[in-house]
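Engineer: Just one file: run-v9.pdb, with PDB, C-alpha atoms, pLDDT in the B column.
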ATOM      1  CA  TYR A  11      -3.707  25.900 -18.177  1.00 43.00           C
ATOM      2  CA  ARG A  12      -6.313  26.695 -15.569  1.00 44.00           C
ATOM      3  CA  ARG A  13      -5.895  25.083 -12.206  1.00 48.00           C
ATOM      4  CA  PHE A  14      -7.706  21.753 -11.820  1.00 46.00           C
ATOM      5  CA  THR A  15     -10.807  22.011  -9.751  1.00 45.00           C
ATOM      6  CA  VAL A  16     -10.103  19.650  -6.869  1.00 42.00           C
ATOM      7  CA  PRO A  17     -10.853  22.114  -4.072  1.00 40.00           C
ATOM      8  CA  ARG A  18      -9.061  23.122  -0.943  1.00 39.00           C
ATOM      9  CA  ILE A  19     -11.422  22.955   2.004  1.00 37.00           C
ATOM     10  CA  GLU A  20     -11.802  26.390   3.548  1.00 37.00           C
ATOM     11  CA  VAL A  21     -14.048  27.976   6.143  1.00 32.00           C
ATOM     12  CA  GLY A  22     -17.380  28.518   4.470  1.00 32.00           C
ATOM     13  CA  GLY A  23     -17.054  25.832   1.817  1.00 31.00           C
ATOM     14  CA  VAL A  24     -14.871  24.901  -1.121  1.00 31.00           C
ATOM     15  CA  CYS A  25     -12.483  27.370  -2.677  1.00 32.00           C
ATOM     16  CA  SER A  26     -12.960  29.144  -5.998  1.00 33.00           C
ATOM     17  CA  HIS A  27     -11.264  26.344  -7.979  1.00 41.00           C
ATOM     18  CA  ALA A  28     -14.296  24.087  -7.560  1.00 41.00           C
ATOM     19  CA  ARG A  29     -16.807  26.875  -8.094  1.00 39.00           C
ATOM     20  CA  ALA A  30     -15.095  27.936 -11.337  1.00 52.00           C
ATOM     21  CA  ARG A  31     -15.493  24.419 -12.719  1.00 51.00           C
ATOM     22  CA  ARG A  32     -19.259  24.631 -12.406  1.00 46.00           C
ATOM     23  CA  LYS A  33     -19.647  27.471 -14.927  1.00 44.00           C
ATOM     24  CA  ASP A  34     -22.381  26.756 -17.448  1.00 41.00           C
ATOM     25  CA  TRP A  35     -22.668  27.784 -21.121  1.00 33.00           C
ATOM     26  CA  ARG A  36     -24.197  31.169 -20.375  1.00 38.00           C
ATOM     27  CA  GLY A  37     -22.252  34.296 -21.259  1.00 42.00           C
ATOM     28  CA  THR A  38     -18.532  33.666 -21.798  1.00 43.00           C
ATOM     29  CA  GLY A  39     -18.692  30.310 -19.983  1.00 46.00           C
ATOM     30  CA  TRP A  40     -19.002  28.400 -23.271  1.00 35.00           C
ATOM     31  CA  ARG A  41     -15.628  29.776 -24.426  1.00 41.00           C
ATOM     32  CA  ASP A  42     -13.933  28.503 -21.277  1.00 50.00           C
ATOM     33  CA  SER A  43     -15.606  25.104 -21.707  1.00 48.00           C
ATOM     34  CA  LEU A  44     -14.506  24.889 -25.336  1.00 44.00           C
ATOM     35  CA  GLN A  45     -10.936  25.830 -24.417  1.00 53.00           C
ATOM     36  CA  ASP A  46     -10.959  23.200 -21.656  1.00 55.00           C
ATOM     37  CA  SER A  47     -12.071  20.533 -24.159  1.00 52.00           C
ATOM     38  CA  ILE A  48      -9.284  21.489 -26.554  1.00 49.00           C
ATOM     39  CA  ARG A  49      -6.716  21.357 -23.743  1.00 56.00           C
ATOM     40  CA  ARG A  50      -7.923  17.931 -22.624  1.00 54.00           C
ATOM     41  CA  GLU A  51      -7.665  16.574 -26.168  1.00 58.00           C
ATOM     42  CA  ASP A  52      -4.140  17.987 -26.414  1.00 59.00           C
ATOM     43  CA  LEU A  53      -3.171  16.333 -23.098  1.00 52.00           C
ATOM     44  CA  GLN A  54      -4.661  13.036 -24.213  1.00 52.00           C
ATOM     45  CA  ARG A  55      -2.698  13.092 -27.489  1.00 54.00           C
ATOM     46  CA  LYS A  56       0.531  14.086 -25.750  1.00 51.00           C
ATOM     47  CA  TRP A  57       0.378  11.538 -22.930  1.00 48.00           C
ATOM     48  CA  GLY A  58      -1.706   8.788 -24.488  1.00 47.00           C
ATOM     49  CA  ALA A  59      -4.143   8.725 -21.602  1.00 48.00           C
ATOM     50  CA  MET A  60      -6.917   7.144 -23.655  1.00 45.00           C
ATOM     51  CA  ASN A  61      -5.903   3.718 -22.443  1.00 61.00           C
ATOM     52  CA  GLY A  62      -9.007   2.936 -20.420  1.00 80.00           C
ATOM     53  CA  ALA A  63      -7.024   2.421 -17.212  1.00 93.00           C
ATOM     54  CA  ARG A  64      -9.321   1.700 -14.253  1.00 95.00           C
ATOM     55  CA  ILE A  65      -8.858   4.000 -11.269  1.00 96.00           C
ATOM     56  CA  MET A  66     -10.300   3.784  -7.759  1.00 97.00           C
ATOM     57  CA  ILE A  67     -10.720   7.009  -5.762  1.00 97.00           C
ATOM     58  CA  VAL A  68     -10.383   7.022  -1.978  1.00 96.00           C
ATOM     59  CA  GLU A  69     -11.580  10.390  -0.687  1.00 95.00           C
ATOM     60  CA  ASP A  70     -13.933  11.231   2.184  1.00 91.00           C
ATOM     61  CA  ASN A  71     -14.910  14.642   0.813  1.00 91.00           C
ATOM     62  CA  THR A  72     -17.744  14.184  -1.681  1.00 91.00           C
ATOM     63  CA  THR A  73     -17.026  17.358  -3.657  1.00 90.00           C
ATOM     64  CA  VAL A  74     -13.339  16.542  -4.060  1.00 90.00           C
ATOM     65  CA  ALA A  75     -14.118  12.953  -5.029  1.00 92.00           C
ATOM     66  CA  GLU A  76     -16.685  13.954  -7.650  1.00 91.00           C
ATOM     67  CA  ASP A  77     -14.389  16.588  -9.173  1.00 90.00           C
ATOM     68  CA  CYS A  78     -11.543  14.078  -9.334  1.00 91.00           C
ATOM     69  CA  SER A  79     -13.846  11.498 -10.928  1.00 92.00           C
ATOM     70  CA  ASP A  80     -15.059  13.999 -13.549  1.00 91.00           C
ATOM     71  CA  CYS A  81     -11.480  14.871 -14.448  1.00 90.00           C
ATOM     72  CA  LEU A  82     -10.426  11.231 -14.751  1.00 92.00           C
ATOM     73  CA  LEU A  83     -13.381  10.436 -16.995  1.00 90.00           C
ATOM     74  CA  SER A  84     -12.686  13.447 -19.205  1.00 87.00           C
ATOM     75  CA  LEU A  85      -9.068  12.301 -19.597  1.00 88.00           C
ATOM     76  CA  GLY A  86     -10.101   8.863 -20.798  1.00 88.00           C
ATOM     77  CA  TYR A  87      -9.823   6.801 -17.624  1.00 93.00           C
ATOM     78  CA  SER A  88     -12.639   4.831 -16.012  1.00 93.00           C
ATOM     79  CA  VAL A  89     -13.502   5.016 -12.321  1.00 95.00           C
ATOM     80  CA  THR A  90     -14.167   1.677 -10.637  1.00 96.00           C
ATOM     81  CA  SER A  91     -15.545   3.195  -7.430  1.00 96.00           C
ATOM     82  CA  ILE A  92     -15.342   6.076  -4.970  1.00 96.00           C
ATOM     83  CA  VAL A  93     -14.877   5.072  -1.325  1.00 96.00           C
ATOM     84  CA  ALA A  94     -14.437   7.115   1.832  1.00 94.00           C
ATOM     85  CA  THR A  95     -12.581   4.864   4.282  1.00 94.00           C
ATOM     86  CA  GLY A  96      -9.298   2.998   4.379  1.00 94.00           C
ATOM     87  CA  GLU A  97     -10.827  -0.352   5.270  1.00 94.00           C
ATOM     88  CA  GLU A  98     -13.371  -0.163   2.454  1.00 95.00           C
ATOM     89  CA  SER A  99     -10.647   0.816   0.000  1.00 96.00           C
ATOM     90  CA  ILE A 100      -8.768  -2.420   0.758  1.00 96.00           C
ATOM     91  CA  GLU A 101     -11.918  -4.491   0.265  1.00 96.00           C
ATOM     92  CA  ARG A 102     -12.857  -2.752  -2.995  1.00 96.00           C
ATOM     93  CA  ALA A 103      -9.314  -2.964  -4.334  1.00 96.00           C
ATOM     94  CA  ALA A 104      -9.318  -6.722  -3.706  1.00 96.00           C
ATOM     95  CA  SER A 105     -12.688  -7.265  -5.406  1.00 96.00           C
ATOM     96  CA  GLN A 106     -12.377  -4.792  -8.294  1.00 96.00           C
ATOM     97  CA  ARG A 107      -8.637  -4.931  -8.970  1.00 95.00           C
ATOM     98  CA  PRO A 108      -8.222  -1.378 -10.338  1.00 96.00           C
ATOM     99  CA  ASP A 109      -5.100  -0.475 -12.295  1.00 95.00           C
ATOM    100  CA  ALA A 110      -4.288   2.293  -9.806  1.00 96.00           C
ATOM    101  CA  VAL A 111      -5.661   4.002  -6.700  1.00 96.00           C
ATOM    102  CA  ILE A 112      -5.840   7.713  -5.915  1.00 96.00           C
ATOM    103  CA  MET A 113      -5.710   7.860  -2.119  1.00 95.00           C
ATOM    104  CA  ASP A 114      -6.321  10.860   0.132  1.00 94.00           C
ATOM    105  CA  ILE A 115      -3.897  10.643   3.045  1.00 92.00           C
ATOM    106  CA  HIS A 116      -6.125  12.227   5.698  1.00 89.00           C
ATOM    107  CA  LEU A 117      -9.244  10.075   5.958  1.00 90.00           C
ATOM    108  CA  ARG A 118     -11.781  10.483   8.727  1.00 81.00           C
ATOM    109  CA  ASP A 119     -11.748   6.925  10.015  1.00 80.00           C
ATOM    110  CA  GLU A 120      -9.265   5.055  12.197  1.00 83.00           C
ATOM    111  CA  MET A 121      -7.157   3.883   9.242  1.00 91.00           C
ATOM    112  CA  ASN A 122      -5.458   6.698   7.357  1.00 91.00           C
ATOM    113  CA  GLY A 123      -4.571   6.646   3.676  1.00 93.00           C
ATOM    114  CA  ILE A 124      -0.938   5.709   4.235  1.00 92.00           C
ATOM    115  CA  GLU A 125      -1.800   2.562   6.177  1.00 93.00           C
ATOM    116  CA  ALA A 126      -4.459   1.579   3.625  1.00 94.00           C
ATOM    117  CA  ALA A 127      -1.979   2.125   0.784  1.00 93.00           C
ATOM    118  CA  LYS A 128       0.612  -0.087   2.491  1.00 92.00           C
ATOM    119  CA  GLN A 129      -1.845  -2.971   2.640  1.00 93.00           C
ATOM    120  CA  ILE A 130      -3.111  -2.481  -0.916  1.00 94.00           C
ATOM    121  CA  HIS A 131       0.413  -2.402  -2.308  1.00 89.00           C
ATOM    122  CA  ARG A 132       1.671  -5.298  -0.185  1.00 90.00           C
ATOM    123  CA  GLN A 133      -1.306  -7.601  -0.717  1.00 92.00           C
ATOM    124  CA  LEU A 134      -2.390  -6.683  -4.244  1.00 93.00           C
ATOM    125  CA  GLU A 135       0.615  -4.935  -5.853  1.00 91.00           C
ATOM    126  CA  ILE A 136      -1.632  -2.089  -7.071  1.00 94.00           C
ATOM    127  CA  PRO A 137       0.063   1.326  -7.458  1.00 94.00           C
ATOM    128  CA  VAL A 138      -1.194   4.105  -5.193  1.00 95.00           C
ATOM    129  CA  VAL A 139      -0.964   7.840  -5.894  1.00 95.00           C
ATOM    130  CA  PHE A 140      -1.429   9.972  -2.787  1.00 93.00           C
ATOM    131  CA  LEU A 141      -3.603  13.060  -2.659  1.00 90.00           C
ATOM    132  CA  SER A 142      -3.218  15.692   0.051  1.00 88.00           C
ATOM    133  CA  ALA A 143      -3.617  19.371   0.777  1.00 85.00           C
ATOM    134  CA  TYR A 144      -0.238  19.288   2.558  1.00 79.00           C
ATOM    135  CA  SER A 145       3.274  18.956   1.179  1.00 76.00           C
ATOM    136  CA  ASP A 146       5.587  18.929   4.202  1.00 76.00           C
ATOM    137  CA  ARG A 147       8.671  16.735   3.989  1.00 81.00           C
ATOM    138  CA  GLU A 148       7.677  14.390   6.805  1.00 81.00           C
ATOM    139  CA  LEU A 149       4.344  13.583   5.158  1.00 80.00           C
ATOM    140  CA  ILE A 150       5.959  13.021   1.752  1.00 81.00           C
ATOM    141  CA  ALA A 151       8.592  10.798   3.371  1.00 83.00           C
ATOM    142  CA  SER A 152       5.856   8.744   5.057  1.00 83.00           C
ATOM    143  CA  ALA A 153       4.109   8.369   1.713  1.00 82.00           C
ATOM    144  CA  GLY A 154       7.360   7.216   0.134  1.00 80.00           C
ATOM    145  CA  ARG A 155       7.883   4.567   2.799  1.00 82.00           C
ATOM    146  CA  ALA A 156       4.368   3.306   2.088  1.00 80.00           C
ATOM    147  CA  GLY A 157       5.362   2.560  -1.516  1.00 78.00           C
ATOM    148  CA  SER A 158       3.834   5.650  -3.099  1.00 84.00           C
ATOM    149  CA  TYR A 159       3.898   5.851  -6.889  1.00 91.00           C
ATOM    150  CA  GLY A 160       3.152   9.561  -6.898  1.00 90.00           C
ATOM    151  CA  TYR A 161       2.053  12.499  -4.765  1.00 90.00           C
ATOM    152  CA  LEU A 162      -0.407  15.241  -5.747  1.00 91.00           C
ATOM    153  CA  VAL A 163      -0.989  18.389  -3.726  1.00 89.00           C
ATOM    154  CA  LYS A 164      -4.486  19.883  -3.870  1.00 86.00           C
ATOM    155  CA  PRO A 165      -5.406  21.872  -5.851  1.00 85.00           C
ATOM    156  CA  PHE A 166      -3.654  20.526  -8.949  1.00 83.00           C
ATOM    157  CA  GLU A 167      -3.902  20.838 -12.715  1.00 86.00           C
ATOM    158  CA  GLU A 168      -5.310  18.209 -15.027  1.00 86.00           C
ATOM    159  CA  ARG A 169      -1.927  17.767 -16.691  1.00 86.00           C
ATOM    160  CA  GLU A 170      -0.354  17.093 -13.268  1.00 90.00           C
ATOM    161  CA  LEU A 171      -2.932  14.409 -12.561  1.00 90.00           C
ATOM    162  CA  LEU A 172      -2.468  12.902 -16.011  1.00 90.00           C
ATOM    163  CA  ALA A 173       1.334  12.894 -15.881  1.00 90.00           C
ATOM    164  CA  THR A 174       1.445  11.473 -12.343  1.00 92.00           C
ATOM    165  CA  LEU A 175      -1.022   8.687 -13.130  1.00 92.00           C
ATOM    166  CA  GLU A 176       0.664   7.729 -16.392  1.00 92.00           C
ATOM    167  CA  MET A 177       4.064   7.553 -14.688  1.00 92.00           C
ATOM    168  CA  ALA A 178       2.592   5.446 -11.874  1.00 93.00           C
ATOM    169  CA  LEU A 179       0.965   3.054 -14.346  1.00 93.00           C
ATOM    170  CA  GLN A 180       4.147   2.725 -16.408  1.00 91.00           C
ATOM    171  CA  LYS A 181       6.257   2.136 -13.299  1.00 91.00           C
ATOM    172  CA  ALA A 182       3.828  -0.525 -12.076  1.00 89.00           C
ATOM    173  CA  LYS A 183       3.869  -2.174 -15.510  1.00 89.00           C
ATOM    174  CA  ALA A 184       7.676  -2.223 -15.573  1.00 88.00           C
ATOM    175  CA  GLU A 185       7.822  -3.735 -12.076  1.00 88.00           C
ATOM    176  CA  ARG A 186       5.225  -6.363 -13.009  1.00 82.00           C
ATOM    177  CA  GLU A 187       7.183  -7.321 -16.134  1.00 87.00           C
ATOM    178  CA  ARG A 188      10.381  -7.520 -14.080  1.00 85.00           C
ATOM    179  CA  ARG A 189       8.747  -9.841 -11.557  1.00 80.00           C
ATOM    180  CA  GLU A 190       7.372 -12.025 -14.362  1.00 83.00           C
ATOM    181  CA  GLU A 191      10.806 -12.195 -16.010  1.00 85.00           C
ATOM    182  CA  GLU A 192      12.467 -13.093 -12.713  1.00 81.00           C
ATOM    183  CA  ALA A 193       9.877 -15.819 -12.149  1.00 81.00           C
ATOM    184  CA  ARG A 194      10.496 -17.154 -15.660  1.00 80.00           C
ATOM    185  CA  LEU A 195      14.243 -17.212 -15.113  1.00 79.00           C
ATOM    186  CA  ARG A 196      13.848 -18.975 -11.763  1.00 79.00           C
ATOM    187  CA  LYS A 197      11.640 -21.570 -13.439  1.00 77.00           C
ATOM    188  CA  GLU A 198      14.157 -22.066 -16.245  1.00 73.00           C
ATOM    189  CA  GLU A 199      16.994 -22.384 -13.729  1.00 75.00           C
ATOM    190  CA  LYS A 200      14.978 -24.926 -11.777  1.00 76.00           C
ATOM    191  CA  MET A 201      14.223 -26.923 -14.939  1.00 74.00           C
ATOM    192  CA  GLU A 202      17.879 -26.781 -15.963  1.00 69.00           C
ATOM    193  CA  GLY A 203      18.883 -27.991 -12.510  1.00 70.00           C
ATOM    194  CA  LEU A 204      16.437 -30.889 -12.769  1.00 68.00           C
ATOM    195  CA  ARG A 205      17.753 -31.731 -16.230  1.00 74.00           C
ATOM    196  CA  LEU A 206      21.347 -31.770 -14.996  1.00 72.00           C
ATOM    197  CA  MET A 207      20.384 -33.829 -11.959  1.00 73.00           C
ATOM    198  CA  ALA A 208      18.506 -36.328 -14.155  1.00 70.00           C
ATOM    199  CA  GLY A 209      21.507 -36.553 -16.487  1.00 69.00           C
ATOM    200  CA  SER A 210      23.834 -37.151 -13.558  1.00 69.00           C
ATOM    201  CA  ILE A 211      21.595 -39.900 -12.154  1.00 70.00           C
ATOM    202  CA  ALA A 212      21.358 -41.548 -15.571  1.00 67.00           C
ATOM    203  CA  HIS A 213      25.136 -41.423 -15.960  1.00 64.00           C
ATOM    204  CA  LYS A 214      25.694 -43.004 -12.531  1.00 67.00           C
ATOM    205  CA  PHE A 215      23.093 -45.656 -13.265  1.00 62.00           C
ATOM    206  CA  ASN A 216      24.822 -46.507 -16.550  1.00 68.00           C
ATOM    207  CA  ASN A 217      28.147 -46.828 -14.770  1.00 67.00           C
ATOM    208  CA  ILE A 218      26.638 -49.161 -12.190  1.00 64.00           C
ATOM    209  CA  LEU A 219      24.954 -51.166 -14.951  1.00 58.00           C
ATOM    210  CA  HIS A 220      28.177 -51.484 -16.899  1.00 67.00           C
ATOM    211  CA  ALA A 221      30.084 -52.576 -13.801  1.00 65.00           C
ATOM    212  CA  THR A 222      27.423 -55.123 -12.902  1.00 67.00           C
ATOM    213  CA  LEU A 223      27.203 -56.635 -16.371  1.00 65.00           C
ATOM    214  CA  GLY A 224      30.929 -56.482 -16.914  1.00 60.00           C
ATOM    215  CA  PHE A 225      31.025 -54.355 -20.072  1.00 55.00           C
TER
END
In structure tokens, what does this structure look like?
Structural biologist:
Amino acid sequence: YRRFTVPRIEVGGVCSHARARRKDWRGTGWRDSLQDSIRREDLQRKWGAMNGARIMIVEDNTTVAEDCSDCLLSLGYSVTSIVATGEESIERAASQRPDAVIMDIHLRDEMNGIEAAKQIHRQLEIPVVFLSAYSDRELIASAGRAGSYGYLVKPFEERELLATLEMALQKAKAERERREEEARLRKEEKMEGLRLMAGSIAHKFNNILHATLGF
């Protein structure tokens, strides 16, 4: 598999990963494009990514965001929006309710990606996958404390993006089903408690009635 084309930012522009993606169908470029299409179809069959999951991208680098969007679309996802700031990501997540968010950690505004992810997860229970050019332990630990559902280091391969997103979506689904089951059980326990309380009151009332009437 070729490396996915989300670029590392270097002096003088994006790295060769992004430039390689922009090959056209001249010369041998068409062979690479055909091979890429075959690989995507194989990934989609293997992981079942053609589920139409809706993904929001939070990335302040336009080139990175567009490359990530192109990859998501080619893998069968839909992109709800691309935003560049933490505050806007919270607002868009609340209004659009995506199935998952891909969040760059280092944003150029006052709110970084970790803080934005905390609020999105706490308020909306939407899974967040972090995106970063760094992989030091302290940063990964901070992402974990924010409730991260995955962590991707740029540049990454399409299959890494696909596998990480699918795992995040499945984990979020399992947690949602668990919460719904717990809520159902609490409701059933409450109804059972009310039924027992009503039965107890009826029994006491009958005893009082019998004692009053003398039978």
Engineer: Between atom CA of Tyr159 of chain A and atom CA of Ser142 of chain A, what is the distance, to one decimal in Å?
Structural biologist: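 Computed distance, atom CA of Tyr159 of chain A to atom CA of Ser142 of chain A, equals 14.0 Å.
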Engineer: Taking only C-alpha atoms into account, name the residue in A:Leu141, A:Arg132, A:Ala94, A:Tyr87 that is nearest to Glu120 of chain A.
Structural biologist: A:Ala94
Engineer: Evaluate the PyMOL selection byres ((chain A and resi 107) around 10) against this structure - the residues, as a list in words, please.
Structural biologist: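 Listing what the PyMOL selection byres ((chain A and resi 107) around 10) selects in the shown file: Arg64, Ile65, Met66, Thr90, Glu101, Arg102, Ala103, Ala104, Ser105, Gln106, Pro108, Asp109, Ala110, Val111, Leu134, Glu135 and Ile136 of chain A.
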Engineer: Could you dump the residues just selected with C-alpha atoms as a short mmCIF file (atom, residue, chain, number, x, y, z; two decimals), in the coordinates of the input?
Structural biologist:
data_model
loop_
_atom_site.label_atom_id
_atom_site.label_comp_id
_atom_site.auth_asym_id
_atom_site.auth_seq_id
_atom_site.Cartn_x
_atom_site.Cartn_y
_atom_site.Cartn_z
CA ARG A 64 -9.32 1.70 -14.25
CA ILE A 65 -8.86 4.00 -11.27
CA MET A 66 -10.30 3.78 -7.76
CA THR A 90 -14.17 1.68 -10.64
CA GLU A 101 -11.92 -4.49 0.26
CA ARG A 102 -12.86 -2.75 -3.00
CA ALA A 103 -9.31 -2.96 -4.33
CA ALA A 104 -9.32 -6.72 -3.71
CA SER A 105 -12.69 -7.26 -5.41
CA GLN A 106 -12.38 -4.79 -8.29
CA PRO A 108 -8.22 -1.38 -10.34
CA ASP A 109 -5.10 -0.48 -12.30
CA ALA A 110 -4.29 2.29 -9.81
CA VAL A 111 -5.66 4.00 -6.70
CA LEU A 134 -2.39 -6.68 -4.24
CA GLU A 135 0.62 -4.93 -5.85
CA ILE A 136 -1.63 -2.09 -7.07
#
Engineer: Which residue out of A:Leu195, A:Ala63, A:Leu206, A:Ala182 has the minimum interatomic distance to Gly157 of chain A when all atoms listed in the file are used?
Structural biologist: A:Ala182
Engineer: So, counting all atoms listed in the file, which residue among A:Ser79, A:Ala153, A:Leu179, A:Ala143 is closest to Pro165 of chain A?
Structural biologist: A:Ala143
Engineer: So which one's closest to Glu125 of chain A, A:Val163, A:Ala184, A:Ile211, A:Met113? Using all atoms listed in the file, please.
Structural biologist: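 Selected residue with least distance to Glu125 of chain A: A:Met113.
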Engineer: Considering only C-alpha atoms, state which residue in the set A:Ile67, A:Met201, A:Ala173, A:Cys81 is at the smallest distance from Asp114 of chain A.
Structural biologist: A:Ile67
Engineer: Go ahead and compute the interatomic distance for atom CA of Asp119 of chain A and atom CA of Ser158 of chain A, in Å to one decimal.
Structural biologist: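 Separation of atom CA of Asp119 of chain A and atom CA of Ser158 of chain A: 20.4 Å.
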Engineer: Could you check the closest approach to Gln133 of chain A for each of A:Ile115, A:Glu191, A:Arg147, A:Ile100 and tell me which residue wins, using all atoms listed in the file?
Structural biologist: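 That would be A:Ile100, the residue with the smallest distance to Gln133 of chain A.
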Engineer: State, in Å with one decimal place, the distance from atom CA of Ala178 of chain A to atom CA of Glu192 of chain A.
Structural biologist: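 That distance, rounded to one decimal, is 21.0 Å.
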Engineer: Using all atoms listed in the file, can you list as a PyMOL selection string the residues within 9 Å of (-12.8, 3.6, 10.3)?
Structural biologist: chain A and resi 95-98+117-122
